[in-house]
Amino acid sequence: MQANPGTPAPPAKPRPVVNPWSRPFWEGTRQGKLLIQKCGACGHHVFYPRLSCPDCFAEDLAWVQSSGRGTVYSHTVVMSNAPSAFAADVPYVVAVIRLDEGVQMLSNVVDCDPEHLACDMPVEVVFEKLDDEFTLPKFRPVRP
Amino acid sequence: MSKSRGRSAIVGIGEVPTGRFPETSAIAFAVESARQAILDAGIGKDDIDVVIPTGSLFSNQFSNELATCRLVEELGLRNVRRNFQVFSGGSSSSNALQVAGAMIAAGEASHVLFVHTDKLGTGVTAQGGIDLFSTAGISAEWEVPFGQHYSTVAALATTRYKHETGCTDEMLSAVCVSNRKWAELNPHAFFRKPLTIDEVMASKMLATPLRAKQSNMLFDGGGAFVVTSAERARDLTDKPAFVLGEGGAVTHFAYSQEPDLTRFGWAQAARQAFEQAGVTPADIDVAEIYDSYPIYQIIGLEECGLYPRGEAGPAVLRGDTWPDGRLPTTTDGGMLSKGHIGAGGSVSLMIEAARQVMGKAGGRQVPNCRFAIETATGGTYMDAQVTILGNEIP
Ligand SMILES: [Zn+2]
């Protein structure tokens, strides 16, 4: 689709502002893997990436691959007044996902009729390329 | 008796109307509010020894001027030992009140002036406001890239709360109507025309199930209060607003990390505040509950113990929180009708809580008001702050 002449181009999508210790996460999504951390001392899974375990304070955090499966804790369909960079995307779904590993993350639910969105519905991860550097983990309903 | 119960009191309040004032500078709101608060306290300007401005969101330059003593100079305060910012977004007033009380109790301050001013109505464009609030307090790595902003933040809590409790859109809309009824009585409020549930439910959908008239709007405004010791307060007035109890709980930074989007930290904060105050929810005469969106007013009423879970929505719908209702709530009209002025959202509510227990609320004065509860929160509801004020120390 072409922009109207005279209409300013919408601002580019915001790219994640990355901390050095979360680089492996973004490297993982680029390769189609959802990586989270696991604490070697207490066994808790950790997301988002930390420098030390938010449960027991140990620094012994290793990267493990998430099943990519979880449920929708809550959801909303953005219909209007979106941030500039997302104005062209409405309607889009923002959701809090509870991964089976017990961690929560914000994402978008895709490939889903908004009418069918529901709390606690099972979802699985899909990967959506933002640009050459970043791929965002998104979620779609698990098809029976 | 709790060591800190009633150790300090709010003895003076000042406020400018909330609205759009393109011709007025933010420093003028601050000076006007601060002068009113000092005069209302019945003290001299040179009695102030500590000044605590909070952050101003519309301009970093201006906010830095407040941090670097501009207000002390503009007001000509000659005996100020310290000027420093206390800033935690919407919970700034609670944190500043606690810092002021602790300094007074420690003998490190005698009269503390807290001031808020911002210009989010005319100092930024409407889209600029949306863009500011799609990044302020929202994780740049984990949430901004997914289109998170304040409408989605509120909508996510609303969706889950409706799912768990059966709360309806009609109940949520009734919060807006309740707050509007109070705003009709408040000359400082921006929205003062009567509002109906039907009008709220017919307004534009922003992010399901949240509609435009269930969203706060950003305005210019300012407010101030003066805090002193309980002994000094008794010299100054018959009806100070004693700080009886203060509770707080920080639960997250990134909104998606909040363990319970239908509760947050209010219950813990309220337990601390009530225990310290030596009163119970049944003693509360007026509830100034943080209302940037209707869902938070309902959750606040329940988690503070004023209503059982799932029963605040029906209570608002039947008029409990309205003028002449059983529990007058958010009696200045709140962010939904008085208008959202940034960190001032709950500065406003703190001033209103003090105003009610001091008996200075004019046409919306709650009769025989002894005890008020006030709630506040910053960022994306990252913390739950609860303050209990009273004109006597139980
Ligand atoms: Zn651990």
# chains A, B, ... in the order shown; residues from 1 in each chain; ligands from 1
call {"tool": "residues_near_ligand", "arguments": {"ligand": "ligand 1", "cutoff": "8 Å", "atoms": "only C-alpha atoms and all ligand atoms", "output": "PDB file with N, CA, C and O atoms, in the first residue's frame"}}
result
ATOM      1  N   LYS A  38      16.515 -20.316  33.660  1.00  0.00           N
ATOM      2  CA  LYS A  38      16.172 -21.206  34.757  1.00  0.00           C
ATOM      3  C   LYS A  38      17.269 -21.109  35.809  1.00  0.00           C
ATOM      4  O   LYS A  38      18.453 -21.120  35.483  1.00  0.00           O
ATOM      5  N   CYS A  39      16.849 -21.002  37.057  1.00  0.00           N
ATOM      6  CA  CYS A  39      17.807 -20.835  38.148  1.00  0.00           C
ATOM      7  C   CYS A  39      18.355 -22.195  38.571  1.00  0.00           C
ATOM      8  O   CYS A  39      17.587 -23.105  38.918  1.00  0.00           O
ATOM      9  N   GLY A  40      19.684 -22.324  38.551  1.00  0.00           N
ATOM     10  CA  GLY A  40      20.326 -23.570  38.945  1.00  0.00           C
ATOM     11  C   GLY A  40      20.246 -23.819  40.441  1.00  0.00           C
ATOM     12  O   GLY A  40      20.372 -24.947  40.916  1.00  0.00           O
ATOM     13  N   ALA A  41      20.030 -22.784  41.207  1.00  0.00           N
ATOM     14  CA  ALA A  41      19.996 -22.929  42.669  1.00  0.00           C
ATOM     15  C   ALA A  41      18.611 -23.316  43.168  1.00  0.00           C
ATOM     16  O   ALA A  41      18.476 -24.226  43.988  1.00  0.00           O
ATOM     17  N   CYS A  42      17.561 -22.659  42.675  1.00  0.00           N
ATOM     18  CA  CYS A  42      16.224 -22.926  43.226  1.00  0.00           C
ATOM     19  C   CYS A  42      15.283 -23.550  42.203  1.00  0.00           C
ATOM     20  O   CYS A  42      14.172 -23.963  42.559  1.00  0.00           O
ATOM     21  N   GLY A  43      15.694 -23.589  40.942  1.00  0.00           N
ATOM     22  CA  GLY A  43      14.880 -24.276  39.932  1.00  0.00           C
ATOM     23  C   GLY A  43      13.768 -23.447  39.316  1.00  0.00           C
ATOM     24  O   GLY A  43      13.058 -23.920  38.429  1.00  0.00           O
ATOM     25  N   HIS A  44      13.595 -22.212  39.770  1.00  0.00           N
ATOM     26  CA  HIS A  44      12.540 -21.364  39.198  1.00  0.00           C
ATOM     27  C   HIS A  44      12.877 -20.950  37.765  1.00  0.00           C
ATOM     28  O   HIS A  44      14.033 -20.676  37.447  1.00  0.00           O
ATOM     29  N   SER A  52      20.281 -11.748  38.185  1.00  0.00           N
ATOM     30  CA  SER A  52      20.288 -12.736  39.258  1.00  0.00           C
ATOM     31  C   SER A  52      18.847 -13.185  39.489  1.00  0.00           C
ATOM     32  O   SER A  52      17.903 -12.513  39.077  1.00  0.00           O
ATOM     33  N   CYS A  53      18.704 -14.326  40.147  1.00  0.00           N
ATOM     34  CA  CYS A  53      17.376 -14.934  40.294  1.00  0.00           C
ATOM     35  C   CYS A  53      16.467 -14.064  41.174  1.00  0.00           C
ATOM     36  O   CYS A  53      16.822 -13.759  42.316  1.00  0.00           O
ATOM     37  N   PRO A  54      15.286 -13.666  40.656  1.00  0.00           N
ATOM     38  CA  PRO A  54      14.388 -12.841  41.464  1.00  0.00           C
ATOM     39  C   PRO A  54      13.747 -13.616  42.618  1.00  0.00           C
ATOM     40  O   PRO A  54      13.142 -13.019  43.497  1.00  0.00           O
ATOM     41  N   ASP A  55      13.883 -14.941  42.621  1.00  0.00           N
ATOM     42  CA  ASP A  55      13.350 -15.719  43.742  1.00  0.00           C
ATOM     43  C   ASP A  55      14.387 -15.884  44.845  1.00  0.00           C
ATOM     44  O   ASP A  55      14.132 -15.576  45.996  1.00  0.00           O
ATOM     45  N   CYS A  56      15.588 -16.427  44.486  1.00  0.00           N
ATOM     46  CA  CYS A  56      16.550 -16.768  45.556  1.00  0.00           C
ATOM     47  C   CYS A  56      17.827 -15.934  45.519  1.00  0.00           C
ATOM     48  O   CYS A  56      18.686 -16.096  46.376  1.00  0.00           O
ATOM     49  N   PHE A  57      17.979 -15.017  44.514  1.00  0.00           N
ATOM     50  CA  PHE A  57      19.113 -14.090  44.478  1.00  0.00           C
ATOM     51  C   PHE A  57      20.397 -14.716  43.938  1.00  0.00           C
ATOM     52  O   PHE A  57      21.422 -14.059  43.882  1.00  0.00           O
ATOM     53  N   ALA A  58      20.353 -16.005  43.566  1.00  0.00           N
ATOM     54  CA  ALA A  58      21.565 -16.630  43.013  1.00  0.00           C
ATOM     55  C   ALA A  58      21.848 -16.067  41.620  1.00  0.00           C
ATOM     56  O   ALA A  58      20.939 -15.592  40.934  1.00  0.00           O
ATOM     57  N   GLU A  59      23.118 -16.147  41.212  1.00  0.00           N
ATOM     58  CA  GLU A  59      23.482 -15.664  39.873  1.00  0.00           C
ATOM     59  C   GLU A  59      23.508 -16.796  38.851  1.00  0.00           C
ATOM     60  O   GLU A  59      23.805 -16.580  37.689  1.00  0.00           O
ATOM     61  N   ASP A  60      23.149 -17.976  39.322  1.00  0.00           N
ATOM     62  CA  ASP A  60      23.281 -19.189  38.526  1.00  0.00           C
ATOM     63  C   ASP A  60      22.094 -19.358  37.577  1.00  0.00           C
ATOM     64  O   ASP A  60      21.250 -20.224  37.766  1.00  0.00           O
ATOM     65  N   LEU A  61      22.019 -18.479  36.563  1.00  0.00           N
ATOM     66  CA  LEU A  61      20.889 -18.534  35.637  1.00  0.00           C
ATOM     67  C   LEU A  61      21.344 -19.087  34.291  1.00  0.00           C
ATOM     68  O   LEU A  61      22.310 -18.591  33.721  1.00  0.00           O
TER      69      LEU A  61
END
call {"tool": "interface_residues", "arguments": {"of": "chain B", "to": "chain A", "cutoff": "10 Å", "atoms": "only C-alpha atoms", "output": "PDB file with C-alpha atoms, in the first residue's frame"}}
result
ATOM      1  CA  ALA B 126      -3.118  14.978  22.152  1.00  0.00           C
ATOM      2  CA  GLN B 127      -1.143  12.416  20.131  1.00  0.00           C
ATOM      3  CA  GLY B 128       1.979  13.481  22.017  1.00  0.00           C
ATOM      4  CA  GLY B 129       0.121  12.622  25.207  1.00  0.00           C
ATOM      5  CA  ILE B 130      -0.782   9.151  23.912  1.00  0.00           C
ATOM      6  CA  ASP B 131       2.804   8.619  22.756  1.00  0.00           C
ATOM      7  CA  LEU B 132       4.232   9.865  26.062  1.00  0.00           C
ATOM      8  CA  PHE B 133       1.978   7.456  27.919  1.00  0.00           C
ATOM      9  CA  SER B 134       2.847   4.573  25.609  1.00  0.00           C
ATOM     10  CA  THR B 135       6.399   4.767  26.922  1.00  0.00           C
ATOM     11  CA  SER B 139       9.129  -1.448  29.647  1.00  0.00           C
ATOM     12  CA  ALA B 140      11.004  -0.401  26.498  1.00  0.00           C
ATOM     13  CA  GLU B 141      12.303  -3.920  25.934  1.00  0.00           C
ATOM     14  CA  TRP B 142       9.360  -6.110  26.924  1.00  0.00           C
ATOM     15  CA  GLU B 143       6.149  -4.131  26.384  1.00  0.00           C
ATOM     16  CA  VAL B 144       6.528  -1.059  24.154  1.00  0.00           C
ATOM     17  CA  PRO B 145       7.297  -3.215  21.043  1.00  0.00           C
ATOM     18  CA  PHE B 146       3.904  -4.942  21.436  1.00  0.00           C
ATOM     19  CA  GLY B 147       1.848  -1.728  21.351  1.00  0.00           C
ATOM     20  CA  GLN B 148       1.224  -1.517  25.087  1.00  0.00           C
ATOM     21  CA  HIS B 149      -0.102   1.865  26.251  1.00  0.00           C
ATOM     22  CA  TYR B 150      -2.339   3.083  29.067  1.00  0.00           C
ATOM     23  CA  SER B 151      -5.623   2.053  27.438  1.00  0.00           C
ATOM     24  CA  THR B 152      -4.400  -1.527  27.019  1.00  0.00           C
ATOM     25  CA  VAL B 153      -3.014  -1.513  30.545  1.00  0.00           C
ATOM     26  CA  ALA B 154      -6.432  -0.625  31.977  1.00  0.00           C
ATOM     27  CA  ALA B 155      -8.260  -2.912  29.537  1.00  0.00           C
ATOM     28  CA  LEU B 156      -6.166  -5.935  30.561  1.00  0.00           C
ATOM     29  CA  ALA B 157      -7.138  -5.493  34.225  1.00  0.00           C
ATOM     30  CA  THR B 158     -10.763  -4.906  33.245  1.00  0.00           C
ATOM     31  CA  THR B 159     -11.010  -8.029  31.060  1.00  0.00           C
ATOM     32  CA  ARG B 160      -9.596 -10.312  33.735  1.00  0.00           C
ATOM     33  CA  TYR B 161     -11.590  -8.715  36.568  1.00  0.00           C
ATOM     34  CA  HIS B 163     -13.900 -12.717  33.887  1.00  0.00           C
ATOM     35  CA  GLU B 164     -13.309 -13.508  37.567  1.00  0.00           C
ATOM     36  CA  LYS B 204     -15.946   5.172  21.261  1.00  0.00           C
ATOM     37  CA  MET B 205     -14.278   1.832  21.969  1.00  0.00           C
ATOM     38  CA  LEU B 206     -10.566   2.363  22.698  1.00  0.00           C
ATOM     39  CA  ALA B 207      -9.338  -1.103  23.687  1.00  0.00           C
ATOM     40  CA  THR B 208     -11.984  -3.697  24.520  1.00  0.00           C
ATOM     41  CA  PRO B 209     -13.820  -3.427  26.874  1.00  0.00           C
ATOM     42  CA  LEU B 210     -12.565   0.085  27.660  1.00  0.00           C
ATOM     43  CA  ARG B 211     -14.438   3.033  26.128  1.00  0.00           C
ATOM     44  CA  ALA B 212     -13.452   6.674  25.654  1.00  0.00           C
ATOM     45  CA  ALA B 254       6.520  -4.201  33.833  1.00  0.00           C
ATOM     46  CA  TYR B 255       2.740  -4.538  33.868  1.00  0.00           C
ATOM     47  CA  SER B 256       2.865  -8.110  32.517  1.00  0.00           C
ATOM     48  CA  GLN B 257       4.849  -9.119  35.615  1.00  0.00           C
ATOM     49  CA  GLU B 258       1.984  -8.212  37.982  1.00  0.00           C
ATOM     50  CA  PRO B 259       0.958 -11.504  39.627  1.00  0.00           C
ATOM     51  CA  ASP B 260      -2.722 -10.516  39.985  1.00  0.00           C
ATOM     52  CA  LEU B 261      -4.206  -7.969  37.593  1.00  0.00           C
TER      53      LEU B 261
END
call {"tool": "select_by_dssp", "arguments": {"residues": "chain A", "states": "helix (DSSP H, G or I)", "output": "ChimeraX atom specification"}}
result
/A:20-30,84-89,114-116
call {"tool": "atom_distance", "arguments": {"atom1": "atom CA of A:Gln31", "atom2": "atom CA of A:Leu99"}}
result
19.3 Å
call {"tool": "select_by_dssp", "arguments": {"residues": "stretch 39-140 of chain A", "states": "strand (DSSP E)", "output": "ChimeraX atom specification"}}
result
/A:39,45-46,61-65,69-78,92-99,104-108,122-129,135-140
call {"tool": "residues_around", "arguments": {"residues": "B:Phe190", "least_positions_apart": "6", "cutoff": "8 Å", "atoms": "only C-alpha atoms", "output": "list in words"}}
result
Pro17, Thr18, Gly19, Ala183, Ser337, Lys338 and Gly339 of chain B
call {"tool": "write_last_selection", "arguments": {"atoms": "all heavy atoms", "output": "PDB file, in the first residue's frame"}}
result
ATOM      1  N   PRO B  17      -7.641  25.318  39.524  1.00  0.00           N
ATOM      2  CA  PRO B  17      -8.574  24.482  38.759  1.00  0.00           C
ATOM      3  C   PRO B  17      -7.837  23.640  37.716  1.00  0.00           C
ATOM      4  O   PRO B  17      -6.780  24.020  37.227  1.00  0.00           O
ATOM      5  CB  PRO B  17      -9.490  25.502  38.075  1.00  0.00           C
ATOM      6  CG  PRO B  17      -9.369  26.737  38.895  1.00  0.00           C
ATOM      7  CD  PRO B  17      -7.965  26.742  39.423  1.00  0.00           C
ATOM      8  N   THR B  18      -8.416  22.472  37.424  1.00  0.00           N
ATOM      9  CA  THR B  18      -7.904  21.603  36.372  1.00  0.00           C
ATOM     10  C   THR B  18      -8.517  22.050  35.043  1.00  0.00           C
ATOM     11  O   THR B  18      -9.702  22.332  34.979  1.00  0.00           O
ATOM     12  CB  THR B  18      -8.312  20.155  36.699  1.00  0.00           C
ATOM     13  OG1 THR B  18      -7.560  19.738  37.840  1.00  0.00           O
ATOM     14  CG2 THR B  18      -8.027  19.217  35.554  1.00  0.00           C
ATOM     15  N   GLY B  19      -7.694  22.161  33.999  1.00  0.00           N
ATOM     16  CA  GLY B  19      -8.259  22.593  32.719  1.00  0.00           C
ATOM     17  C   GLY B  19      -7.204  22.796  31.658  1.00  0.00           C
ATOM     18  O   GLY B  19      -6.108  22.237  31.740  1.00  0.00           O
ATOM     19  N   ALA B 183     -18.069  15.787  40.498  1.00  0.00           N
ATOM     20  CA  ALA B 183     -17.425  16.874  39.747  1.00  0.00           C
ATOM     21  C   ALA B 183     -18.397  18.026  39.506  1.00  0.00           C
ATOM     22  O   ALA B 183     -17.999  19.194  39.468  1.00  0.00           O
ATOM     23  CB  ALA B 183     -16.889  16.346  38.421  1.00  0.00           C
ATOM     24  N   SER B 337     -13.301  12.782  35.989  1.00  0.00           N
ATOM     25  CA  SER B 337     -14.121  13.974  35.727  1.00  0.00           C
ATOM     26  C   SER B 337     -13.454  15.293  36.117  1.00  0.00           C
ATOM     27  O   SER B 337     -13.657  16.298  35.469  1.00  0.00           O
ATOM     28  CB  SER B 337     -15.480  13.862  36.432  1.00  0.00           C
ATOM     29  OG  SER B 337     -16.400  13.157  35.631  1.00  0.00           O
ATOM     30  N   LYS B 338     -12.674  15.293  37.175  1.00  0.00           N
ATOM     31  CA  LYS B 338     -11.945  16.530  37.480  1.00  0.00           C
ATOM     32  C   LYS B 338     -10.846  16.709  36.443  1.00  0.00           C
ATOM     33  O   LYS B 338     -10.594  17.803  35.974  1.00  0.00           O
ATOM     34  CB  LYS B 338     -11.329  16.468  38.883  1.00  0.00           C
ATOM     35  CG  LYS B 338     -10.518  17.702  39.257  1.00  0.00           C
ATOM     36  CD  LYS B 338     -10.103  17.675  40.716  1.00  0.00           C
ATOM     37  CE  LYS B 338      -9.317  18.912  41.108  1.00  0.00           C
ATOM     38  NZ  LYS B 338      -7.859  18.778  40.857  1.00  0.00           N
ATOM     39  N   GLY B 339     -10.219  15.566  36.052  1.00  0.00           N
ATOM     40  CA  GLY B 339      -9.176  15.592  35.040  1.00  0.00           C
ATOM     41  C   GLY B 339      -7.857  15.078  35.586  1.00  0.00           C
ATOM     42  O   GLY B 339      -7.548  15.247  36.762  1.00  0.00           O
TER      43      GLY B 339
END
call {"tool": "residues_around", "arguments": {"residues": "A:Phe139", "least_positions_apart": "6", "cutoff": "9 Å", "atoms": "only C-alpha atoms", "output": "list in words"}}
result
Gly68, Arg69, Gly70, Ile97, Ser107, Asn108, Val109, Val110, Asp111, Val123, Glu124, Val125, Val126 and Phe127 of chain A
